[in-house]
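Pasted below: upload.txt, compact mmCIF, C-alpha atoms and all ligand atoms.
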```txt
# COMPACT_ATOMS: atom_id res chain seq x y z
CA MET A 12 67.12 112.84 111.17
CA GLN A 13 63.61 113.57 112.15
CA GLU A 14 62.32 110.07 112.40
CA ASN A 15 63.48 107.37 114.73
CA LEU A 16 65.22 104.72 112.67
CA THR A 17 64.70 102.09 115.33
CA GLY A 18 60.95 102.37 114.97
CA ALA A 19 58.89 99.40 113.84
CA ALA A 20 60.62 97.75 110.94
CA GLY A 21 58.88 97.33 107.66
CA LEU A 22 55.29 97.92 106.95
CA THR A 23 54.79 101.20 108.73
CA ALA A 24 55.24 104.06 106.31
CA GLN A 25 51.96 105.82 105.56
CA ARG A 26 51.05 106.69 102.03
CA SER A 27 48.20 105.94 99.70
CA TYR A 28 48.62 104.34 96.30
CA SER A 29 47.24 107.38 94.59
CA ASP A 30 49.99 109.47 96.21
CA SER A 31 52.67 107.20 94.85
CA GLY A 32 51.03 107.17 91.43
CA LEU A 33 51.26 110.94 91.28
CA THR A 34 54.91 110.83 92.19
CA ALA A 35 55.61 108.43 89.38
CA LYS A 36 53.89 110.55 86.76
CA ARG A 37 55.81 113.68 87.74
CA SER A 38 58.66 114.26 85.33
CA GLU A 39 62.02 114.12 87.10
CA ARG A 40 64.18 114.93 84.12
CA HIS A 41 67.88 115.31 84.77
CA ALA A 42 67.45 113.98 88.23
CA LEU A 43 70.12 112.35 90.40
CA TYR A 44 69.32 109.07 92.12
CA LEU A 45 71.10 107.08 94.81
CA ALA A 46 71.75 103.59 93.38
CA PRO A 47 70.54 100.52 95.26
CA MET A 48 73.48 98.98 97.13
CA GLU A 49 73.44 95.93 99.37
CA ASP A 50 74.41 96.72 102.95
CA VAL A 51 74.94 100.39 102.04
CA THR A 52 71.65 102.07 101.17
CA ASP A 53 69.98 101.61 104.54
CA PRO A 54 67.61 104.29 105.93
CA ALA A 55 70.49 106.11 107.67
CA PHE A 56 72.49 106.62 104.48
CA ARG A 57 69.45 107.19 102.31
CA MET A 58 68.28 109.99 104.58
CA LEU A 59 71.63 111.78 104.36
CA CYS A 60 71.71 111.47 100.56
CA LYS A 61 68.17 112.80 100.47
CA ARG A 62 69.19 115.79 102.59
CA TYR A 63 71.88 116.64 100.06
CA GLY A 64 69.51 116.50 97.14
CA ALA A 65 69.13 112.91 95.88
CA ASP A 66 65.93 113.00 93.84
CA ARG A 67 65.20 109.37 94.53
CA VAL A 68 66.74 106.76 96.78
CA TYR A 69 66.62 102.96 96.51
CA THR A 70 66.76 100.29 99.17
CA GLU A 71 69.27 97.50 98.77
CA PHE A 72 67.87 94.52 96.88
CA VAL A 73 65.46 92.35 98.83
CA ASN A 74 65.16 88.63 98.20
CA ALA A 75 61.68 87.67 97.02
CA ASP A 76 61.71 84.14 98.43
CA ALA A 77 62.83 85.35 101.85
CA LEU A 78 60.09 87.98 101.85
CA VAL A 79 57.48 85.39 101.03
CA ARG A 80 58.84 83.21 103.87
CA ASP A 81 58.59 86.26 106.14
CA ILE A 82 62.23 86.14 107.27
CA ALA A 83 62.59 88.97 109.80
CA SER A 84 66.02 90.17 108.65
CA THR A 85 64.57 90.52 105.14
CA THR A 86 61.28 92.24 105.99
CA ARG A 87 63.31 94.77 108.00
CA LYS A 88 64.78 95.92 104.68
CA LEU A 89 61.34 97.26 103.77
CA THR A 90 61.64 99.99 106.41
CA ILE A 91 61.15 103.35 104.73
CA HIS A 92 60.40 106.81 106.11
CA ASP A 93 58.31 109.60 104.65
CA ALA A 94 61.27 111.98 104.86
CA GLU A 95 63.22 109.99 102.29
CA ARG A 96 60.53 109.90 99.60
CA PRO A 97 60.44 109.27 96.74
CA VAL A 98 61.90 105.88 97.58
CA ALA A 99 62.06 102.66 95.58
CA ILE A 100 62.19 99.22 97.16
CA GLN A 101 64.12 96.78 94.98
CA ILE A 102 63.36 93.06 94.80
CA TYR A 103 65.07 90.15 93.11
CA GLY A 104 64.22 86.54 92.42
CA ARG A 105 63.93 84.03 89.62
CA GLU A 106 60.33 82.83 89.65
CA PRO A 107 57.38 84.91 88.45
CA GLU A 108 55.06 83.67 91.22
CA ALA A 109 57.48 84.42 94.05
CA MET A 110 58.26 87.83 92.56
CA ARG A 111 54.56 88.62 92.23
CA ASP A 112 53.90 87.59 95.84
CA ALA A 113 56.93 89.53 97.05
CA ALA A 114 55.75 92.63 95.18
CA LEU A 115 52.39 92.40 96.92
CA ILE A 116 54.17 92.28 100.29
CA VAL A 117 56.41 95.19 99.32
CA GLU A 118 53.40 97.22 98.27
CA GLN A 119 52.11 97.14 101.85
CA ALA A 120 55.16 99.21 102.85
CA HIS A 121 53.94 101.90 100.40
CA PRO A 122 57.11 102.66 98.49
CA ASP A 123 56.84 105.14 95.63
CA PHE A 124 58.31 102.56 93.24
CA ILE A 125 58.91 98.83 93.19
CA ASP A 126 62.15 98.18 91.32
CA ILE A 127 63.11 94.81 89.86
CA ASN A 128 66.76 93.81 89.89
CA PHE A 129 67.85 92.30 86.57
CA GLY A 130 71.48 93.31 86.99
CA CYS A 131 73.12 91.69 90.01
CA PRO A 132 76.14 89.82 88.62
CA VAL A 133 77.31 87.87 91.68
CA LYS A 134 77.34 84.10 91.50
CA LYS A 135 74.97 83.45 94.38
CA VAL A 136 72.32 85.54 92.55
CA ALA A 137 73.02 85.46 88.80
CA GLY A 138 74.28 81.86 88.97
CA LYS A 139 70.89 80.83 90.34
CA GLY A 140 69.00 82.52 87.53
CA ALA A 141 68.03 85.75 89.34
CA GLY A 142 69.40 89.29 88.85
CA ALA A 143 71.64 89.44 85.77
CA GLY A 144 71.10 85.69 85.33
CA LEU A 145 67.82 86.61 83.65
CA LEU A 146 69.74 88.28 80.83
CA ARG A 147 70.21 84.71 79.59
CA ASP A 148 66.52 83.93 79.85
CA VAL A 149 64.78 87.02 78.56
CA PRO A 150 61.34 85.37 78.12
CA LYS A 151 61.39 84.61 81.85
CA MET A 152 62.57 88.13 82.64
CA LEU A 153 59.56 89.47 80.78
CA GLU A 154 57.25 86.98 82.46
CA ILE A 155 58.49 88.17 85.87
CA THR A 156 58.06 91.79 84.86
CA LYS A 157 54.50 91.26 83.66
CA ALA A 158 53.62 89.27 86.79
CA VAL A 159 54.83 92.09 89.04
CA VAL A 160 53.34 94.93 86.97
CA ASN A 161 49.95 93.21 86.81
CA ALA A 162 49.87 92.44 90.54
CA VAL A 163 50.48 95.88 92.04
CA HIS A 164 49.22 99.45 91.76
CA THR A 165 52.62 100.94 92.58
CA PRO A 166 54.73 101.98 89.56
CA VAL A 167 57.20 99.23 88.68
CA THR A 168 60.70 100.07 87.43
CA ALA A 169 63.62 97.85 86.47
CA LYS A 170 67.40 97.98 86.59
CA THR A 171 69.58 95.93 84.30
CA ARG A 172 72.93 95.74 82.49
CA LEU A 173 73.93 96.02 78.82
CA GLY A 174 73.79 92.27 78.36
CA TRP A 175 75.26 89.01 79.54
CA ASP A 176 78.65 89.23 77.87
CA GLU A 177 80.58 90.93 75.12
CA SER A 178 78.60 89.23 72.39
CA ASP A 179 75.62 91.39 73.39
CA LEU A 180 77.54 94.58 72.69
CA THR A 181 77.53 94.34 68.92
CA PRO A 182 74.36 94.82 66.90
CA LYS A 183 72.83 91.65 65.60
CA TYR A 184 71.98 91.63 61.92
CA ASN A 185 68.54 90.30 61.14
CA PRO A 186 68.18 89.12 57.59
CA LEU A 187 64.69 87.83 58.37
CA GLY A 188 63.46 91.07 59.88
CA LEU A 189 63.46 89.82 63.44
CA ASN A 190 64.99 91.89 66.16
CA SER A 191 68.07 90.63 67.91
CA LEU A 192 65.86 89.00 70.49
CA PRO A 193 63.86 86.05 69.23
CA PHE A 194 60.86 87.06 71.34
CA ARG A 195 60.43 90.40 69.62
CA GLU A 196 59.25 91.26 66.19
CA GLY A 197 59.00 94.54 64.43
CA ALA A 198 62.35 95.62 63.02
CA GLY A 199 62.48 95.85 59.27
CA VAL A 200 64.03 93.18 57.06
CA GLY A 201 67.77 93.50 57.09
CA SER A 202 67.85 95.77 60.13
CA SER A 203 70.23 95.28 63.01
CA SER A 204 69.83 96.09 66.61
CA TYR A 205 71.58 95.98 69.97
CA PHE A 206 70.46 93.51 72.61
CA ILE A 207 69.88 96.22 75.23
CA VAL A 208 67.89 98.39 72.83
CA ASP A 209 65.50 95.54 72.10
CA LEU A 210 65.41 94.44 75.70
CA ALA A 211 64.55 97.96 76.88
CA GLU A 212 61.62 98.09 74.47
CA ALA A 213 60.42 94.69 75.52
CA LEU A 214 60.53 95.68 79.21
CA GLN A 215 58.71 98.90 78.37
CA ASP A 216 56.02 96.84 76.62
CA CYS A 217 55.56 94.89 79.87
CA GLY A 218 54.47 98.09 81.59
CA ILE A 219 57.48 99.28 83.58
CA THR A 220 57.50 103.03 84.10
CA GLU A 221 61.30 103.58 84.03
CA LEU A 222 64.42 101.64 83.18
CA ALA A 223 67.86 102.01 84.77
CA ILE A 224 70.84 100.66 82.84
CA HIS A 225 74.28 100.00 84.30
CA GLY A 226 76.72 100.34 81.39
CA ARG A 227 78.44 96.99 81.84
CA THR A 228 77.69 93.39 80.97
CA ARG A 229 77.30 90.66 83.56
CA SER A 230 80.68 89.20 82.58
CA GLN A 231 82.37 92.50 83.32
CA MET A 232 81.06 92.47 86.90
CA TYR A 233 82.52 95.84 88.03
CA ARG A 234 85.66 95.70 85.85
CA GLY A 235 86.57 98.04 83.04
CA GLU A 236 84.78 101.27 82.31
CA ALA A 237 81.03 101.63 82.07
CA ASP A 238 80.01 102.09 78.41
CA TRP A 239 77.47 104.87 78.16
CA THR A 240 77.16 104.82 74.37
CA LEU A 241 74.69 101.95 74.47
CA ILE A 242 72.72 103.67 77.24
CA GLY A 243 72.52 106.59 74.80
CA GLU A 244 71.31 104.22 72.06
CA VAL A 245 68.44 103.12 74.28
CA LYS A 246 67.54 106.71 75.16
CA ASN A 247 67.64 107.76 71.52
CA ASN A 248 65.47 104.91 70.29
CA PRO A 249 62.37 106.78 69.07
CA ARG A 250 60.16 103.96 70.28
CA MET A 251 61.31 104.40 73.89
CA HIS A 252 58.93 106.68 75.75
CA ILE A 253 59.64 105.84 79.40
CA PRO A 254 62.47 107.62 81.26
CA VAL A 255 65.90 106.05 80.91
CA ILE A 256 68.25 106.21 83.88
CA GLY A 257 71.98 105.88 83.18
CA ASN A 258 74.35 104.30 85.69
CA GLY A 259 78.02 103.50 85.97
CA ASP A 260 81.18 105.32 87.03
CA VAL A 261 79.65 108.76 87.49
CA CYS A 262 81.88 110.11 90.24
CA THR A 263 82.17 113.86 89.65
CA PRO A 264 79.85 116.77 88.86
CA GLU A 265 81.69 117.21 85.54
CA ARG A 266 81.03 113.62 84.53
CA ALA A 267 77.37 113.90 85.55
CA LYS A 268 76.99 116.91 83.28
CA GLU A 269 78.78 115.16 80.43
CA CYS A 270 76.46 112.15 80.72
CA PHE A 271 73.34 114.32 80.65
CA ASP A 272 74.69 116.36 77.74
CA ARG A 273 75.99 113.53 75.60
CA TYR A 274 73.55 110.74 76.22
CA GLY A 275 70.36 112.64 77.02
CA VAL A 276 69.36 110.36 79.88
CA ASP A 277 66.48 111.43 82.09
CA ALA A 278 68.31 110.67 85.31
CA ILE A 279 71.68 109.49 86.53
CA MET A 280 72.03 106.89 89.24
CA ILE A 281 75.10 107.17 91.43
CA GLY A 282 76.54 104.36 93.50
CA ARG A 283 80.06 103.97 94.80
CA ALA A 284 81.05 107.62 94.54
CA THR A 285 78.62 108.40 97.36
CA PHE A 286 80.48 106.24 99.91
CA GLY A 287 81.52 108.57 102.70
CA ALA A 288 80.28 111.49 100.59
CA PRO A 289 76.48 111.81 100.68
CA TRP A 290 76.95 115.51 99.87
CA LEU A 291 78.03 114.55 96.33
CA PHE A 292 74.46 115.11 95.16
CA ALA A 293 74.56 118.73 96.35
CA GLU A 294 77.94 119.28 94.68
CA MET A 295 76.58 117.87 91.43
CA LYS A 296 73.45 119.98 91.57
CA GLU A 297 75.45 123.08 92.27
CA PHE A 298 77.66 122.37 89.28
CA LEU A 299 74.74 121.53 87.00
CA SER A 300 72.85 124.63 88.03
CA THR A 301 75.76 126.95 87.31
CA ASN A 302 76.51 125.27 83.98
CA PRO A 303 73.06 124.89 82.50
CA VAL A 304 72.55 123.56 79.03
CA PHE A 305 69.35 121.62 79.31
CA GLN A 306 65.79 122.60 78.65
CA SER A 307 63.20 120.91 80.76
CA GLU A 308 59.52 121.40 80.01
CA GLY A 309 60.01 124.92 78.76
CA ARG A 310 62.15 126.00 81.70
CA SER A 311 65.90 126.07 81.81
CA PHE A 312 67.47 123.22 83.67
CA SER A 313 68.98 125.62 86.18
CA GLU A 314 65.52 126.89 87.08
CA THR A 315 64.41 123.33 87.64
CA VAL A 316 67.41 122.60 89.81
CA PHE A 317 67.08 125.78 91.84
CA GLN A 318 63.48 124.91 92.53
CA ARG A 319 64.47 121.50 93.78
CA SER A 320 67.57 122.56 95.61
CA GLY A 321 65.40 124.72 97.84
CA LEU A 322 64.71 121.45 99.60
CA SER A 323 68.27 120.24 99.95
CA ALA A 324 71.21 121.36 102.05
CA ALA A 325 74.27 123.10 100.63
CA PRO A 326 77.30 120.84 100.39
CA PRO A 327 79.78 121.01 103.27
CA ARG A 328 82.95 122.83 102.19
CA SER A 329 85.65 122.38 104.80
CA MET A 330 87.08 119.15 106.12
CA ALA A 331 85.58 119.95 109.53
CA GLU A 332 82.09 120.29 108.02
CA LYS A 333 82.47 117.07 106.06
CA VAL A 334 83.71 115.21 109.12
CA ASN A 335 80.64 116.43 111.00
CA VAL A 336 78.44 114.81 108.35
CA LEU A 337 80.39 111.55 108.71
CA LYS A 338 79.93 111.69 112.50
CA GLU A 339 76.23 112.21 112.03
CA HIS A 340 76.18 109.19 109.76
CA VAL A 341 77.82 107.11 112.50
CA LEU A 342 75.08 108.12 114.95
CA TYR A 343 72.35 107.24 112.46
CA ALA A 344 74.03 103.94 111.64
CA ILE A 345 74.14 103.03 115.34
CA GLN A 346 70.46 103.85 115.60
CA TRP A 347 69.69 101.72 112.53
CA CYS A 348 71.64 98.84 114.09
CA GLY A 349 69.31 98.82 117.08
CA ASN A 350 71.56 101.13 119.15
CA ASP A 351 74.33 98.54 119.02
CA GLU A 352 77.33 100.88 118.96
CA ARG A 353 79.91 98.39 117.76
CA LYS A 354 77.66 97.08 115.00
CA GLY A 355 76.81 100.60 113.84
CA ILE A 356 80.46 101.56 113.67
CA ILE A 357 81.46 98.42 111.79
CA HIS A 358 78.58 99.15 109.43
CA SER A 359 79.96 102.68 108.84
CA ARG A 360 83.54 101.60 108.14
CA ARG A 361 83.01 101.15 104.43
CA HIS A 362 82.20 104.86 104.32
CA PHE A 363 85.28 105.91 106.33
CA ALA A 364 87.49 103.71 104.15
CA ALA A 365 86.20 105.18 100.90
CA SER A 366 85.48 108.77 101.90
CA PRO A 367 87.19 111.39 99.73
CA VAL A 368 87.70 113.40 102.94
CA PHE A 369 90.51 111.06 103.96
CA LYS A 370 92.08 110.62 100.52
CA GLY A 371 95.54 111.91 99.70
CA LEU A 372 96.51 112.99 103.23
CA ALA A 373 100.25 112.87 103.85
CA ASP A 374 101.45 110.25 106.39
CA PHE A 375 97.89 109.16 107.02
CA LYS A 376 98.40 105.37 107.08
CA GLN A 377 98.54 104.79 110.85
CA THR A 378 95.63 107.14 111.53
CA ARG A 379 93.60 105.37 108.87
CA ILE A 380 94.29 102.00 110.46
CA ALA A 381 93.25 103.37 113.87
CA LEU A 382 90.07 104.84 112.38
CA LEU A 383 89.12 101.55 110.80
CA ARG A 384 89.80 99.65 114.03
CA ALA A 385 87.99 101.92 116.49
CA GLU A 386 84.94 100.31 118.06
CA THR A 387 83.32 103.05 120.12
CA LYS A 388 81.93 106.32 118.91
CA GLU A 389 84.15 108.22 121.38
CA GLU A 390 87.22 106.63 119.76
CA VAL A 391 85.98 107.26 116.22
CA PHE A 392 85.06 110.87 116.95
CA ALA A 393 88.36 111.56 118.74
CA ILE A 394 90.31 110.21 115.76
CA MET A 395 88.19 112.25 113.37
CA ASP A 396 88.78 115.40 115.45
CA SER A 397 92.52 114.73 115.44
CA ILE A 398 92.42 114.37 111.64
CA VAL A 399 90.73 117.75 111.30
CA ALA A 400 93.27 119.28 113.71
CA GLN A 401 96.22 117.83 111.81
CA TRP A 402 95.09 117.87 108.18
CA GLY A 403 92.16 120.29 108.17
CA GLU A 404 94.05 123.11 106.54
CA GLU A 405 95.63 121.02 103.76
C1 LIG A 501 78.44 97.34 97.54
C2 LIG A 501 77.53 97.34 96.36
C3 LIG A 501 76.27 96.78 96.49
C4 LIG A 501 75.38 96.78 95.41
N1 LIG A 501 74.12 96.28 95.58
C5 LIG A 501 73.20 96.41 94.57
C6 LIG A 501 71.84 96.06 94.78
O1 LIG A 501 71.43 95.64 95.86
N2 LIG A 501 70.99 96.22 93.72
C7 LIG A 501 71.40 96.70 92.51
O2 LIG A 501 70.60 96.84 91.59
N3 LIG A 501 72.69 97.04 92.30
C8 LIG A 501 73.57 96.93 93.30
N4 LIG A 501 74.85 97.37 93.11
C9 LIG A 501 75.22 98.00 91.82
C10 LIG A 501 75.02 99.53 91.90
O3 LIG A 501 73.65 99.85 92.08
C11 LIG A 501 75.52 100.20 90.62
O4 LIG A 501 74.81 99.67 89.54
C12 LIG A 501 77.00 99.97 90.38
O5 LIG A 501 77.74 100.17 91.56
C13 LIG A 501 77.53 100.91 89.28
O6 LIG A 501 77.31 102.26 89.64
P1 LIG A 501 78.53 103.17 90.23
O7 LIG A 501 79.66 103.09 89.25
O8 LIG A 501 77.94 104.54 90.34
O9 LIG A 501 78.91 102.58 91.55
C14 LIG A 501 75.76 97.34 94.17
C15 LIG A 501 77.06 97.88 94.04
C16 LIG A 501 77.92 97.90 95.12
C17 LIG A 501 79.29 98.51 94.96
```

Transcribe the structure of this file into structure tokens.
Amino acid sequence: MQENLTGAAGLTAQRSYSDSGLTAKRSERHALYLAPMEDVTDPAFRMLCKRYGADRVYTEFVNADALVRDIASTTRKLTIHDAERPVAIQIYGREPEAMRDAALIVEQAHPDFIDINFGCPVKKVAGKGAGAGLLRDVPKMLEITKAVVNAVHTPVTAKTRLGWDESDLTPKYNPLGLNSLPFREGAGVGSSSYFIVDLAEALQDCGITELAIHGRTRSQMYRGEADWTLIGEVKNNPRMHIPVIGNGDVCTPERAKECFDRYGVDAIMIGRATFGAPWLFAEMKEFLSTNPVFQSEGRSFSETVFQRSGLSAAPPRSMAEKVNVLKEHVLYAIQWCGNDERKGIIHSRRHFAASPVFKGLADFKQTRIALLRAETKEEVFAIMDSIVAQWGEE
């Protein structure tokens, strides 16, 4: 990593608004984004994903009220580096004024995008009327969106879910010619429409520049399979003109291709599958570039990808190469945790636990336990080296 992660937290990255405006207008069709993830998408991990070709990275969500109160642990989450651009900082909250004020604070960190979280399902967020909680109060969601869009010069994007619960997954019939949402008009008499299709249009009308949709409802939390058909409905709505980003359960290059092919989304956002595997982006790009089907602005998709992949590293192939990337991640994580070795290692454990590198190894249980208990980098690295020595050829 070229930049020191322990540098001044927060409002340091240099970039003018006009720069970020240009970034937003550039078409990033068929792009792959790193999803925002609490406690996961810190600068250390974002930088690695960027190296392997993520076209955009997101910070974890940042609480608007805590930003306004200038809580140090929260403002630290605004730390971004030029090397990871384009980067979005995501905020969440339940009051338009606090969200507007938070967006103004975020703008001073010069992100390329300010993203609003309308999808977090957990009780401490949604239960208090923020995140996915706003799916039950759409007028307020739109008020928040307008307040943020009108306050800042940075492009504003949003991320949401298909709806609150199952009842939002069937089209609502409108004998009076109203759309399924009472706050919208326009559909013809007798038409029917899906909640998310109407919501997407309404958010677009508020001035967001892109919309990401996780193919689950709030009630589903992370259970069941993400439903991409409704994401496709949004994308195929002729009145939608902003890019639509699909999200949910995209774990393999094959699935990424299928989602682009079938649902026509402009970008795919990838979350959990990147744990312990930041090189997944490079694997996906490689696959997409050798199996092109798309046309993008007159050029074949593969041409577009090859142009971009000039900037990103090739994916590691062997276990030894992959383990080296994981070691590097540990070093970056320690740096991000203020050079506190133990903290950095504990912070990295989620990645060791989920990494595909350590999946399916015979008689691995005891080694896995040791790896997840190690507290110094010497211990972690020695265990990783022993894994390569024992299982590297499998
Ligand atoms: C540990 C974890 C933390 C998350 N934190 C956030 C967050 O801060 N903001 C957000 O919009 N979504 C958050 N999400 C949801 C992801 O961005 C994504 O929508 C979800 O994981 C589905 O995508 P996937 O199947 O590719 O993982 C989080 C998910 C996980 C697993």

Hey, can I get the axis-aligned box for range 353-361 of chain A? All listed atoms, 3 Å padding on each side, centre and edge lengths in Å to one decimal, as JSON.
```
{"center_x": 80.2, "center_y": 99.9, "center_z": 111.1, "size_x": 12.7, "size_y": 11.6, "size_z": 19.3}
```

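Non-sequential neighbours of Asp179 in chain A (distance at most 10 Å, separation of 4 or more positions within a chain, only C-alpha atoms) are Leu146, Leu173, Gly174, Trp175, Lys183, Ser191, Tyr205, Phe206, Ile207 and Thr228 of chain A.
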
Minimum-distance residue to Ile116 in chain A, chosen among A:Met152, A:Val368, A:Val163, A:Cys262 (using only C-alpha atoms): A:Val163

CA of Phe129 in chain A to CA of Gly144 in chain A, straight-line distance in Å: 7.5 Å

Shell of 8 Å around Cys60 in chain A, only C-alpha atoms, local chain residues under 2 positions omitted, as a ChimeraX atom specification: /A:45,56-58,62-65,68,289-290,292

Within-6 Å residues of ligand LIG 501 (chain A), basis all atoms listed in the file, as a ChimeraX atom specification: /A:46-49,71-72,128,130-131,225,258-261,281-283

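Restricting the calculation to all atoms listed in the file, the smallest distance between Ile242 in chain A and any of A:Gly138, A:Gly218, A:Gly275, A:Pro150 is found for A:Gly275.
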
Contact residues around Leu372 in chain A with all atoms listed in the file at 10 Å, ignoring same-chain residues under 3 positions, as a list in words: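 Answer for this query is Val368, Phe369, Phe375, Lys376, Arg379, Ile398, Gln401, Trp402, Gly403 and Glu405 of chain A.
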
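Using only C-alpha atoms, the shortest contact distance between Thr263 in chain A and any of A:Ala284, A:Val245, A:Ala278, A:Leu210 is found at A:Ala284.
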
Gap from CA of Arg361 in chain A to CA of Leu59 in chain A - Å, one decimal: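 Separating CA of Arg361 in chain A from CA of Leu59 in chain A is a distance of 15.6 Å.
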
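In terms of minimum interatomic distance to Leu337 in chain A, A:Phe392 ranks closest within A:Phe392, A:Phe298, A:Tyr44, A:Tyr69, counting all atoms listed in the file.
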
Closest of A:His121, A:Lys135, A:Lys61, A:His252 to Gln215 in chain A - atom-to-atom distances counting all atoms listed in the file: A:His252

Contact residues around Met110 in chain A with all atoms listed in the file at 10 Å, ignoring same-chain residues under 2 positions, as a count of residues only: 23

Between CA of Tyr343 in chain A and CA of Asp93 in chain A - distance in Å to one decimal: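 Separating CA of Asp93 in chain A from CA of Tyr343 in chain A is a distance of 16.2 Å.
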
Polymer residues at most 12 Å from (78.0, 111.5, 76.4) by only C-alpha atoms, as a list of chain:residue names: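 Output of the proximity query reads A:Ala237, A:Asp238, A:Trp239, A:Thr240, A:Leu241, A:Ile242, A:Gly243, A:Glu244, A:Lys246, A:Gly257, A:Val261, A:Glu265, A:Arg266, A:Ala267, A:Lys268, A:Glu269, A:Cys270, A:Phe271, A:Asp272, A:Arg273, A:Tyr274, A:Gly275, A:Val276.
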
Long-range neighbours of Asn335 in chain A as an MDAnalysis selection string, 12 Å cut-off, only C-alpha atoms, 4 positions minimum in chain: chainID A and resid 287:288 290 326:331 339:342 368 391:393 395:396 398:399

Minimum-distance residue to Ile125 in chain A, chosen among A:Val167, A:Ala385, A:Ile357, A:Leu180 (using all atoms listed in the file): A:Val167
